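Please read the structure below before turning to the comments.
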Amino acid sequence: MKLVTRTRVIAAAFVIAVVAVIAALGAVSKSSPTAAAAPLPFVQWYWTMVVSPSDPNTLVLGTSNGIYRSADGGKTWAAAGPKGFDATSVVQAGSAIYAGGVAAAPNVSPLIRKSAGRTAPDGAPVIVTSTNAGKTWQNLAPNGLPNNTIQAMAVDPAHPTTLYALFNTGGLYSSTDGAHSFQLVTAKVGIAPWALAITKPGQFVSGDMDSGSHLSTNAKAWTKTPFTDASGGRMVMEYAVQPNDVNRVVMTSRGIELSTDGGKTWHSVLHTTNMFGPVAYAPSKPETAYAVGFDRTIWRSDDGGKTWKKLA
């Protein structure tokens with residue numbers, strides 16, 4: 001298994017590092033993003049993001065170099081949370097924010113090949129929680145979880161205190177007690193473990209960078225929902241479900257896709273070959289959503305994900 005080392009911390013090298021990681025793992029497109037002056041954290045990989053339930057301008061971002069927080073709609077960012085943390089997933093469940101991932105090792109690629117897909121690197125799981133919109137964080141030691149990397153987390157909109165954790169081995173677990181304990185849902189989700197979201201009660205949406213997007217009612221048997229990204233591939237990076245309409249789902253890829261039927265069909269709403277990652281709706285202002293591009297740009301939609309504009 002080949003690992004990609006981190007390059008010098010300058011804007012041009014950042015772009016080279018991201019492209020090198022994707023190329024080494026057989027990405028679906030050879031196009032490279034262009035460095036921008038957006039004040040996003042300078043890291044190898046952007047994973048997921050949430051917006052504070054009380055303030056549409058407070059964003060919490062999970063990256064390969066830990067958690068970052070913005071209190072001004074993405075204009076400026078500050079590091080938050082524990083050190084040495086590859087934060088693959090950040091979700092809001094009830095009154096708390098949870099971040100999951102893996103203990104980060106130095107000079108390790110943010111992605112590895114695992115079976116037919118790609119995941120975060122193997123290691124000990126980490127789960128932390130915040131009850132003040134990401135200002136401070138507390139480490140958790142849940143019962144019932146395996147000693148593997150947490151690849152993604154998701155919350156059931158119908159039961160907002162029910163939290164799911166998907167591991168890079170394909171195991172899916174759930175918690176109903178604030179991530180203090182978890183129970184096994186299925187040992188193998190049946191598709192490559194990468195991104196996960198829940199729309200209608202019991203309906204899962206999942207996808208990865210190679211095989212596209214899928215739907216399931218039990219997280220075991222999946223139906224592919226075909227789409228073509230802006231580079232002609234099937235890349236899925238992350239999902240966001242609109243708080244007041246579970247049928248409206250934004251999916252990041254090469255560009256941004258939107259579904260208005262719970263993930264059954266998709267259409268492009270931001271057509272670009274740039275790769276996008278974290279995406280999130282604002283619970284207190286459901287028509288507002290944010291997305292992060294791998295060219296270090298942040299974008300916002302004010303119409304539920306129909307149109308997007310790059311923020312200065």
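Residue numbering restarts at 1 in every chain; chains get A, B, ... in the order shown in the structure tokens, and ligands count up from 1 in that same order.
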*Run DSSP on the backbone and give me the residues of stretch 44-201 of chain A it puts in strand (DSSP E), as JSON, numbers by chain.*
{"A": [46, 47, 48, 49, 50, 51, 59, 60, 61, 62, 63, 66, 67, 68, 69, 70, 78, 79, 80, 85, 86, 87, 88, 89, 90, 91, 92, 93, 96, 97, 98, 99, 100, 101, 102, 103, 112, 113, 114, 117, 118, 119, 125, 126, 127, 128, 129, 130, 138, 139, 140, 150, 151, 152, 153, 154, 155, 156, 159, 160, 161, 162, 163, 164, 165, 166, 167, 172, 173, 174, 175, 183, 184, 185, 186, 195, 196, 197, 198]}
Under the rule of at most 6 Å, produce a per-residue listing of stretch 220-242 of chain A near stretch 275-290 of chain A: chain, number, name, the closest pair of atoms, and the distance in Å, as a tab-separated table, using only C-alpha atoms.
```
residue	atom	partner	partner_atom	distance
A:Met237	CA	A:Gly277	CA	5.4
A:Glu238	CA	A:Gly277	CA	5.9
A:Ala240	CA	A:Ala280	CA	5.2
A:Gln242	CA	A:Tyr281	CA	6.0
```
*Distance query stretch 254-265 of chain A at most 9 Å, only C-alpha atoms, self and fewer than 2 positions along chain excluded, as a VMD selection string*: chain A and resid 29 199 to 200 203 205 213 to 215 224 to 227 229 to 237 241 245 to 252 267 to 276 291 293 305 to 306
*Show which residues sit within 7 Å of A:Val50, as a ChimeraX atom specification. Count only C-alpha atoms, and ignore same-chain residues fewer than 4 positions away.*
/A:59-61,90-92,280
_I need the residue nearest A:Asp177 from this list: A:Lys220, A:Lys75, A:Arg300, A:His159. Use only C-alpha atoms for the distance._
A:His159
How close does each residue of stretch 70-155 of chain A get to stretch 180-190 of chain A, giving the shortest atom pair and distance in Å to one decimal for every residue with an atom at most 10 Å away, counting only C-alpha atoms, sorted by chain and residue number, as JSON lines?
```
{"residue": "A:Ile127", "atom": "CA", "partner": "A:His180", "partner_atom": "CA", "distance": 9.8}
{"residue": "A:Leu140", "atom": "CA", "partner": "A:His180", "partner_atom": "CA", "distance": 7.1}
{"residue": "A:Ala141", "atom": "CA", "partner": "A:His180", "partner_atom": "CA", "distance": 6.9}
{"residue": "A:Pro142", "atom": "CA", "partner": "A:His180", "partner_atom": "CA", "distance": 4.5}
{"residue": "A:Asn143", "atom": "CA", "partner": "A:Ser181", "partner_atom": "CA", "distance": 4.5}
{"residue": "A:Gly144", "atom": "CA", "partner": "A:Phe182", "partner_atom": "CA", "distance": 5.1}
{"residue": "A:Leu145", "atom": "CA", "partner": "A:Phe182", "partner_atom": "CA", "distance": 6.3}
{"residue": "A:Pro146", "atom": "CA", "partner": "A:Leu184", "partner_atom": "CA", "distance": 9.8}
```
Take the residues just selected and output them with C-alpha atoms as a compact mmCIF listing (two decimals), in the first residue's frame.
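Dumped everything to result.txt:
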```txt
# COMPACT_ATOMS: atom_id res chain seq x y z
CA ILE A 127 -15.07 10.52 18.98
CA LEU A 140 -15.64 10.24 24.54
CA ALA A 141 -14.87 6.56 25.06
CA PRO A 142 -18.03 4.79 23.82
CA ASN A 143 -18.81 1.19 24.63
CA GLY A 144 -19.53 -1.25 21.84
CA LEU A 145 -17.31 0.10 19.07
CA PRO A 146 -14.52 -1.76 17.26
```
*Hey, which of A:Ser216, A:Thr307, A:Ser301, A:Ser64 ends up closest to A:Leu111? Count only C-alpha atoms.*
A:Ser64
*With only C-alpha atoms as the atoms that count, which of A:Ala78, A:Ala152, A:Ala133, A:Ala120 lies nearest to A:Gly100?*
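That would be A:Ala152, the residue with the smallest distance to A:Gly100.
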_Let me make sure I understand: among A:Ile298, A:Val108, A:Ile198, A:Leu311, which one has the smallest atom-to-atom distance to A:Leu40 if we use only C-alpha atoms?_
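With only C-alpha atoms as the atom set, the closest residue is A:Ile298.
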*Test item: residues at most 7 Å from A:Ala96, only C-alpha atoms, excluding those fewer than 3 positions along its chain, as a PyMOL selection string*: chain A and resi 92-93+129-131
